[in-house]
$ cat start09.pdb   # PDB, C-alpha atoms
MODEL        1
ATOM      1  CA  MET A   1     -20.273 -93.773  -3.800  1.00  0.00           C
ATOM      2  CA  ARG A   2     -18.856 -94.093  -7.291  1.00  0.00           C
ATOM      3  CA  SER A   3     -21.352 -91.574  -8.654  1.00  0.00           C
ATOM      4  CA  ILE A   4     -20.250 -89.068  -5.984  1.00  0.00           C
ATOM      5  CA  ARG A   5     -16.607 -89.481  -7.052  1.00  0.00           C
ATOM      6  CA  ILE A   6     -17.558 -89.007 -10.694  1.00  0.00           C
ATOM      7  CA  LEU A   7     -19.560 -85.887  -9.796  1.00  0.00           C
ATOM      8  CA  LEU A   8     -16.646 -84.477  -7.766  1.00  0.00           C
ATOM      9  CA  MET A   9     -14.213 -85.159 -10.620  1.00  0.00           C
ATOM     10  CA  ALA A  10     -16.544 -83.443 -13.090  1.00  0.00           C
ATOM     11  CA  MET A  11     -16.803 -80.423 -10.796  1.00  0.00           C
ATOM     12  CA  LEU A  12     -13.023 -80.305 -10.432  1.00  0.00           C
ATOM     13  CA  VAL A  13     -12.475 -80.487 -14.215  1.00  0.00           C
ATOM     14  CA  ALA A  14     -15.127 -77.795 -14.780  1.00  0.00           C
ATOM     15  CA  GLY A  15     -13.498 -75.565 -12.156  1.00  0.00           C
ATOM     16  CA  VAL A  16     -10.047 -75.970 -13.700  1.00  0.00           C
ATOM     17  CA  ALA A  17     -11.444 -75.246 -17.179  1.00  0.00           C
ATOM     18  CA  GLN A  18     -13.191 -72.115 -15.905  1.00  0.00           C
ATOM     19  CA  ALA A  19     -10.030 -70.897 -14.137  1.00  0.00           C
ATOM     20  CA  GLN A  20      -7.970 -71.493 -17.285  1.00  0.00           C
ATOM     21  CA  SER A  21     -10.449 -69.617 -19.460  1.00  0.00           C
ATOM     22  CA  ALA A  22     -10.333 -66.659 -17.046  1.00  0.00           C
ATOM     23  CA  TYR A  23      -6.544 -66.295 -17.418  1.00  0.00           C
ATOM     24  CA  ASP A  24      -5.596 -62.942 -18.934  1.00  0.00           C
ATOM     25  CA  ALA A  25      -2.055 -63.124 -20.333  1.00  0.00           C
ATOM     26  CA  ALA A  26      -1.931 -59.413 -21.154  1.00  0.00           C
ATOM     27  CA  LEU A  27      -2.932 -58.463 -17.608  1.00  0.00           C
ATOM     28  CA  ALA A  28      -0.436 -60.935 -16.138  1.00  0.00           C
ATOM     29  CA  THR A  29       2.316 -59.363 -18.240  1.00  0.00           C
ATOM     30  CA  LYS A  30       1.240 -55.819 -17.343  1.00  0.00           C
ATOM     31  CA  LEU A  31       1.298 -56.666 -13.625  1.00  0.00           C
ATOM     32  CA  LYS A  32       4.595 -58.595 -13.940  1.00  0.00           C
ATOM     33  CA  ALA A  33       2.986 -61.743 -12.565  1.00  0.00           C
ATOM     34  CA  ASP A  34       4.795 -65.046 -12.584  1.00  0.00           C
ATOM     35  CA  GLU A  35       3.107 -68.304 -13.634  1.00  0.00           C
ATOM     36  CA  TYR A  36       1.292 -68.398 -10.279  1.00  0.00           C
ATOM     37  CA  GLY A  37      -0.069 -64.851 -10.600  1.00  0.00           C
ATOM     38  CA  MET A  38       2.395 -63.697  -7.939  1.00  0.00           C
ATOM     39  CA  ARG A  39       5.340 -61.324  -7.668  1.00  0.00           C
ATOM     40  CA  VAL A  40       7.870 -60.079  -5.129  1.00  0.00           C
ATOM     41  CA  TYR A  41       7.247 -56.941  -3.082  1.00  0.00           C
ATOM     42  CA  VAL A  42       8.819 -55.599   0.101  1.00  0.00           C
ATOM     43  CA  MET A  43       6.561 -55.480   3.144  1.00  0.00           C
ATOM     44  CA  ALA A  44       7.205 -52.961   5.876  1.00  0.00           C
ATOM     45  CA  LEU A  45       5.932 -53.465   9.381  1.00  0.00           C
ATOM     46  CA  LEU A  46       5.552 -50.043  10.976  1.00  0.00           C
ATOM     47  CA  LYS A  47       6.290 -50.175  14.687  1.00  0.00           C
ATOM     48  CA  ALA A  48       6.007 -47.588  17.412  1.00  0.00           C
ATOM     49  CA  GLY A  49       9.261 -45.653  17.449  1.00  0.00           C
ATOM     50  CA  PRO A  50      11.287 -44.462  20.437  1.00  0.00           C
ATOM     51  CA  ASN A  51      10.195 -40.813  20.146  1.00  0.00           C
ATOM     52  CA  ARG A  52       6.391 -40.670  20.465  1.00  0.00           C
ATOM     53  CA  ASN A  53       5.920 -37.930  23.080  1.00  0.00           C
ATOM     54  CA  ARG A  54       4.404 -34.973  21.266  1.00  0.00           C
ATOM     55  CA  THR A  55       1.780 -32.357  21.914  1.00  0.00           C
ATOM     56  CA  PRO A  56      -1.528 -33.015  20.149  1.00  0.00           C
ATOM     57  CA  ASP A  57      -0.750 -30.231  17.659  1.00  0.00           C
ATOM     58  CA  GLU A  58       2.718 -31.642  16.909  1.00  0.00           C
ATOM     59  CA  ALA A  59       1.264 -35.158  16.537  1.00  0.00           C
ATOM     60  CA  ARG A  60      -1.407 -33.906  14.088  1.00  0.00           C
ATOM     61  CA  LYS A  61       1.165 -32.050  11.974  1.00  0.00           C
ATOM     62  CA  LEU A  62       3.443 -35.105  11.920  1.00  0.00           C
ATOM     63  CA  GLN A  63       0.521 -37.369  10.960  1.00  0.00           C
ATOM     64  CA  ASP A  64      -0.445 -34.963   8.152  1.00  0.00           C
ATOM     65  CA  ALA A  65       3.141 -35.043   6.826  1.00  0.00           C
ATOM     66  CA  HIS A  66       3.198 -38.856   7.158  1.00  0.00           C
ATOM     67  CA  MET A  67      -0.039 -39.112   5.145  1.00  0.00           C
ATOM     68  CA  ALA A  68       1.257 -36.691   2.492  1.00  0.00           C
ATOM     69  CA  ASN A  69       4.315 -38.923   2.077  1.00  0.00           C
ATOM     70  CA  ILE A  70       2.101 -42.018   1.776  1.00  0.00           C
ATOM     71  CA  ASN A  71       0.026 -40.302  -0.926  1.00  0.00           C
ATOM     72  CA  ARG A  72       3.170 -39.199  -2.787  1.00  0.00           C
ATOM     73  CA  LEU A  73       4.635 -42.720  -2.791  1.00  0.00           C
ATOM     74  CA  ALA A  74       1.311 -44.200  -3.918  1.00  0.00           C
ATOM     75  CA  ALA A  75       1.039 -41.642  -6.747  1.00  0.00           C
ATOM     76  CA  GLN A  76       4.555 -42.618  -7.859  1.00  0.00           C
ATOM     77  CA  GLY A  77       3.492 -46.267  -7.939  1.00  0.00           C
ATOM     78  CA  LYS A  78       6.033 -47.247  -5.289  1.00  0.00           C
ATOM     79  CA  LEU A  79       3.539 -47.876  -2.476  1.00  0.00           C
ATOM     80  CA  VAL A  80       0.937 -50.521  -3.277  1.00  0.00           C
ATOM     81  CA  VAL A  81      -0.818 -50.874   0.091  1.00  0.00           C
ATOM     82  CA  ALA A  82      -0.648 -48.874   3.306  1.00  0.00           C
ATOM     83  CA  GLY A  83      -2.756 -48.849   6.402  1.00  0.00           C
ATOM     84  CA  PRO A  84      -2.807 -48.815  10.173  1.00  0.00           C
ATOM     85  CA  PHE A  85      -3.713 -51.604  12.528  1.00  0.00           C
ATOM     86  CA  GLU A  86      -6.859 -50.899  14.503  1.00  0.00           C
ATOM     87  CA  ASP A  87      -5.475 -51.851  17.907  1.00  0.00           C
ATOM     88  CA  ALA A  88      -3.035 -49.886  20.049  1.00  0.00           C
ATOM     89  CA  GLY A  89      -0.223 -52.446  19.963  1.00  0.00           C
ATOM     90  CA  GLU A  90       3.451 -52.100  19.131  1.00  0.00           C
ATOM     91  CA  LEU A  91       2.715 -52.770  15.452  1.00  0.00           C
ATOM     92  CA  ARG A  92       1.175 -49.597  14.071  1.00  0.00           C
ATOM     93  CA  GLY A  93       0.625 -50.476  10.389  1.00  0.00           C
ATOM     94  CA  ILE A  94       1.970 -51.918   7.149  1.00  0.00           C
ATOM     95  CA  TYR A  95       3.309 -50.772   3.816  1.00  0.00           C
ATOM     96  CA  ILE A  96       3.722 -52.979   0.777  1.00  0.00           C
ATOM     97  CA  PHE A  97       6.266 -51.493  -1.626  1.00  0.00           C
ATOM     98  CA  ASP A  98       6.536 -52.257  -5.334  1.00  0.00           C
ATOM     99  CA  VAL A  99      10.300 -52.660  -5.229  1.00  0.00           C
ATOM    100  CA  ARG A 100      12.513 -55.716  -5.630  1.00  0.00           C
ATOM    101  CA  THR A 101      14.966 -55.144  -2.760  1.00  0.00           C
ATOM    102  CA  VAL A 102      14.932 -54.232   0.889  1.00  0.00           C
ATOM    103  CA  ALA A 103      17.559 -51.564   0.133  1.00  0.00           C
ATOM    104  CA  GLU A 104      15.133 -49.819  -2.254  1.00  0.00           C
ATOM    105  CA  ALA A 105      12.409 -49.945   0.395  1.00  0.00           C
ATOM    106  CA  GLN A 106      14.800 -48.551   3.021  1.00  0.00           C
ATOM    107  CA  ALA A 107      15.457 -45.544   0.803  1.00  0.00           C
ATOM    108  CA  LEU A 108      11.702 -44.953   0.478  1.00  0.00           C
ATOM    109  CA  THR A 109      11.064 -45.313   4.219  1.00  0.00           C
ATOM    110  CA  ARG A 110      13.695 -42.655   4.916  1.00  0.00           C
ATOM    111  CA  THR A 111      11.406 -40.134   3.177  1.00  0.00           C
ATOM    112  CA  ASP A 112       8.678 -40.626   5.815  1.00  0.00           C
ATOM    113  CA  PRO A 113       8.565 -37.726   8.309  1.00  0.00           C
ATOM    114  CA  ALA A 114       7.291 -40.085  11.046  1.00  0.00           C
ATOM    115  CA  ILE A 115      10.381 -42.277  10.548  1.00  0.00           C
ATOM    116  CA  GLN A 116      12.645 -39.236  10.486  1.00  0.00           C
ATOM    117  CA  ALA A 117      11.099 -37.982  13.749  1.00  0.00           C
ATOM    118  CA  GLY A 118      11.438 -41.370  15.458  1.00  0.00           C
ATOM    119  CA  SER A 119       7.686 -41.709  15.920  1.00  0.00           C
ATOM    120  CA  LEU A 120       7.705 -44.872  13.781  1.00  0.00           C
ATOM    121  CA  ALA A 121      10.309 -47.526  13.038  1.00  0.00           C
ATOM    122  CA  MET A 122      10.247 -49.920  10.076  1.00  0.00           C
ATOM    123  CA  GLU A 123      10.975 -53.613   9.800  1.00  0.00           C
ATOM    124  CA  LEU A 124      11.341 -54.658   6.137  1.00  0.00           C
ATOM    125  CA  HIS A 125      10.923 -58.093   4.554  1.00  0.00           C
ATOM    126  CA  PRO A 126      10.824 -59.404   0.969  1.00  0.00           C
ATOM    127  CA  TRP A 127       7.282 -60.709   0.427  1.00  0.00           C
ATOM    128  CA  TYR A 128       5.771 -62.896  -2.292  1.00  0.00           C
ATOM    129  CA  GLY A 129       2.158 -61.970  -2.923  1.00  0.00           C
ATOM    130  CA  SER A 130      -0.535 -61.680  -5.560  1.00  0.00           C
ATOM    131  CA  ALA A 131       0.305 -59.457  -8.525  1.00  0.00           C
ATOM    132  CA  ALA A 132      -3.316 -58.281  -8.338  1.00  0.00           C
ATOM    133  CA  LEU A 133      -2.258 -55.979  -5.485  1.00  0.00           C
ATOM    134  CA  MET A 134      -0.894 -53.684  -8.178  1.00  0.00           C
ATOM    135  CA  LEU A 135      -4.516 -52.740  -8.942  1.00  0.00           C
ATOM    136  CA  VAL A 136      -5.396 -51.668  -5.399  1.00  0.00           C
ATOM    137  CA  ASN A 137      -4.572 -47.967  -5.797  1.00  0.00           C
ATOM    138  CA  GLU A 138      -6.514 -47.745  -9.071  1.00  0.00           C
ATOM    139  CA  VAL A 139      -9.584 -49.322  -7.499  1.00  0.00           C
ATOM    140  CA  HIS A 140      -9.206 -47.398  -4.228  1.00  0.00           C
ATOM    141  CA  ALA A 141      -9.276 -44.084  -6.117  1.00  0.00           C
ATOM    142  CA  LYS A 142     -12.735 -45.055  -7.360  1.00  0.00           C
ATOM    143  CA  LEU A 143     -13.957 -45.805  -3.835  1.00  0.00           C
ATOM    144  CA  GLN A 144     -12.573 -42.833  -1.900  1.00  0.00           C
ATOM    145  CA  LYS A 145     -14.877 -39.836  -1.755  1.00  0.00           C
ATOM    146  CA  PRO A 146     -13.316 -36.454  -2.576  1.00  0.00           C
ATOM    147  CA  ALA A 147     -12.063 -34.633   0.483  1.00  0.00           C
ATOM    148  CA  THR A 148     -14.335 -31.915   1.752  1.00  0.00           C
ATOM    149  CA  PRO A 149     -12.863 -28.812   3.347  1.00  0.00           C
ATOM    150  CA  LYS A 150     -13.072 -28.802   7.125  1.00  0.00           C
ATOM    151  CA  SER A 151     -14.821 -25.868   8.724  1.00  0.00           C
ATOM    152  CA  PHE A 152     -13.339 -24.439  11.875  1.00  0.00           C
TER     153      PHE A 152
ENDMDL
END
$ encode --input "start09.pdb" --output "structure tokens"
Amino acid sequence: MRSIRILLMAMLVAGVAQAQSAYDAALATKLKADEYGMRVYVMALLKAGPNRNRTPDEARKLQDAHMANINRLAAQGKLVVAGPFEDAGELRGIYIFDVRTVAEAQALTRTDPAIQAGSLAMELHPWYGSAALMLVNEVHAKLQKPATPKSF
């Protein structure tokens, strides 16, 4: 039993030493991470809005404008993560904004055509999460295939 405890302690010490050696102070500073590797964002819960009745053509145009706004905010570095939920519930998706206040996030959500049209509504909350999220858009750009023109 004692040898198992000694082995577990050795593994714990080795794990801590490995984690400490992996720490990258320059990256932590660049990503504005605190001592836990975390930072504050604002999370938006996108909910179904009161005005969702549209023709298929209107819905497609609104979705295209919504996606263009998402891409613009991501390119500006203001939108860290965005995506829909895969079910058909009241919650439609999330945004994670790289802003410090809910007021800043509210200003950004007002630029979304789907919010303006009442198709979506936002619920905003300060959120404490990994600073590594700041790398998502950079990595995603390397994973997304270039768009191919649609033939009609």
$ closest_atom_pairs --input "start09.pdb" --of "region 92-129 of chain A" --to "region 66-83 of chain A" --cutoff "7 Å" --atoms "only C-alpha atoms" --output "JSON lines"
{"residue": "A:Gly93", "atom": "CA", "partner": "A:Gly83", "partner_atom": "CA", "distance": 5.5}
{"residue": "A:Ile94", "atom": "CA", "partner": "A:Ala82", "partner_atom": "CA", "distance": 5.6}
{"residue": "A:Tyr95", "atom": "CA", "partner": "A:Ala82", "partner_atom": "CA", "distance": 4.4}
{"residue": "A:Ile96", "atom": "CA", "partner": "A:Val81", "partner_atom": "CA", "distance": 5.1}
{"residue": "A:Phe97", "atom": "CA", "partner": "A:Leu79", "partner_atom": "CA", "distance": 4.6}
{"residue": "A:Asp98", "atom": "CA", "partner": "A:Lys78", "partner_atom": "CA", "distance": 5.0}
{"residue": "A:Val99", "atom": "CA", "partner": "A:Lys78", "partner_atom": "CA", "distance": 6.9}
{"residue": "A:Asp112", "atom": "CA", "partner": "A:His66", "partner_atom": "CA", "distance": 5.9}
{"residue": "A:Pro113", "atom": "CA", "partner": "A:His66", "partner_atom": "CA", "distance": 5.6}
{"residue": "A:Ala114", "atom": "CA", "partner": "A:His66", "partner_atom": "CA", "distance": 5.8}
$ resolve_selection --input "start09.pdb" --expression "the PyMOL selection byres ((chain A and resi 43) around 9)" --output "PyMOL selection string"
chain A and resi 41-42+44-45+94-97+102+105+123-127
$ resolve_selection --input "start09.pdb" --expression "the PyMOL selection byres ((chain A and resi 128-132) around 9)" --output "list in words"
Ala28, Leu31, Lys32, Ala33, Asp34, Tyr36, Gly37, Met38, Arg39, Val40, Tyr41, Val42, Pro126, Trp127, Leu133, Met134, Leu135 and Val136 of chain A
$ residues_around --input "start09.pdb" --residues "Glu90 (chain A)" --least-positions-apart "4" --cutoff "12 Å" --atoms "all atoms listed in the file" --output "tab-separated table (two decimals) with C-alpha atoms, in the frame of the given file"
chain	number	residue	atom	x	y	z
A	45	LEU	CA	5.93	-53.46	9.38
A	46	LEU	CA	5.55	-50.04	10.98
A	47	LYS	CA	6.29	-50.18	14.69
A	48	ALA	CA	6.01	-47.59	17.41
A	49	GLY	CA	9.26	-45.65	17.45
A	50	PRO	CA	11.29	-44.46	20.44
A	52	ARG	CA	6.39	-40.67	20.46
A	84	PRO	CA	-2.81	-48.82	10.17
A	85	PHE	CA	-3.71	-51.60	12.53
A	86	GLU	CA	-6.86	-50.90	14.50
A	119	SER	CA	7.69	-41.71	15.92
A	120	LEU	CA	7.70	-44.87	13.78
A	121	ALA	CA	10.31	-47.53	13.04
A	122	MET	CA	10.25	-49.92	10.08
$ atom_distance --input "start09.pdb" --atom1 "CA of Arg92 (chain A)" --atom2 "CA of Gln63 (chain A)"
12.6 Å
$ atom_distance --input "start09.pdb" --atom1 "CA of Ala117 (chain A)" --atom2 "CA of Asn51 (chain A)"
7.1 Å
$ atom_distance --input "start09.pdb" --atom1 "CA of Ala25 (chain A)" --atom2 "CA of Glu104 (chain A)"
28.3 Å
$ closest_residue --input "start09.pdb" --among "A:Ala26, A:Gly118, A:Arg100, A:Glu35" --to "Arg54 (chain A)" --atoms "all atoms listed in the file"
A:Gly118
$ build_atoms --input "start09.pdb" --residues "region 112-127 of chain A" --atoms "N, CA and C atoms" --output "tab-separated table (two decimals), in the coordinates of the input"
chain	number	residue	atom	x	y	z
A	112	ASP	N	9.86	-40.77	4.96
A	112	ASP	CA	8.68	-40.63	5.82
A	112	ASP	C	9.00	-39.74	7.02
A	113	PRO	N	8.30	-38.61	7.17
A	113	PRO	CA	8.56	-37.73	8.31
A	113	PRO	C	8.39	-38.41	9.67
A	114	ALA	N	7.48	-39.38	9.77
A	114	ALA	CA	7.29	-40.08	11.05
A	114	ALA	C	8.49	-40.97	11.37
A	115	ILE	N	9.14	-41.51	10.35
A	115	ILE	CA	10.38	-42.28	10.55
A	115	ILE	C	11.50	-41.32	10.94
A	116	GLN	N	11.61	-40.22	10.21
A	116	GLN	CA	12.64	-39.24	10.49
A	116	GLN	C	12.55	-38.70	11.91
A	117	ALA	N	11.32	-38.53	12.41
A	117	ALA	CA	11.10	-37.98	13.75
A	117	ALA	C	11.21	-39.04	14.84
A	118	GLY	N	11.34	-40.30	14.47
A	118	GLY	CA	11.44	-41.37	15.46
A	118	GLY	C	10.10	-41.79	16.04
A	119	SER	N	9.01	-41.31	15.46
A	119	SER	CA	7.69	-41.71	15.92
A	119	SER	C	7.35	-43.13	15.47
A	120	LEU	N	7.87	-43.52	14.31
A	120	LEU	CA	7.70	-44.87	13.78
A	120	LEU	C	9.07	-45.47	13.45
A	121	ALA	N	9.13	-46.78	13.48
A	121	ALA	CA	10.31	-47.53	13.04
A	121	ALA	C	9.81	-48.58	12.06
A	122	MET	N	10.65	-48.95	11.10
A	122	MET	CA	10.25	-49.92	10.08
A	122	MET	C	11.05	-51.21	10.20
A	123	GLU	N	10.35	-52.30	9.96
A	123	GLU	CA	10.98	-53.61	9.80
A	123	GLU	C	10.60	-54.08	8.40
A	124	LEU	N	11.58	-54.36	7.55
A	124	LEU	CA	11.34	-54.66	6.14
A	124	LEU	C	11.64	-56.12	5.81
A	125	HIS	N	10.77	-56.69	4.96
A	125	HIS	CA	10.92	-58.09	4.55
A	125	HIS	C	10.51	-58.27	3.10
A	126	PRO	N	11.31	-59.03	2.29
A	126	PRO	CA	10.82	-59.40	0.97
A	126	PRO	C	9.55	-60.23	1.15
A	127	TRP	N	8.57	-60.02	0.28
A	127	TRP	CA	7.28	-60.71	0.43
A	127	TRP	C	6.77	-61.11	-0.94
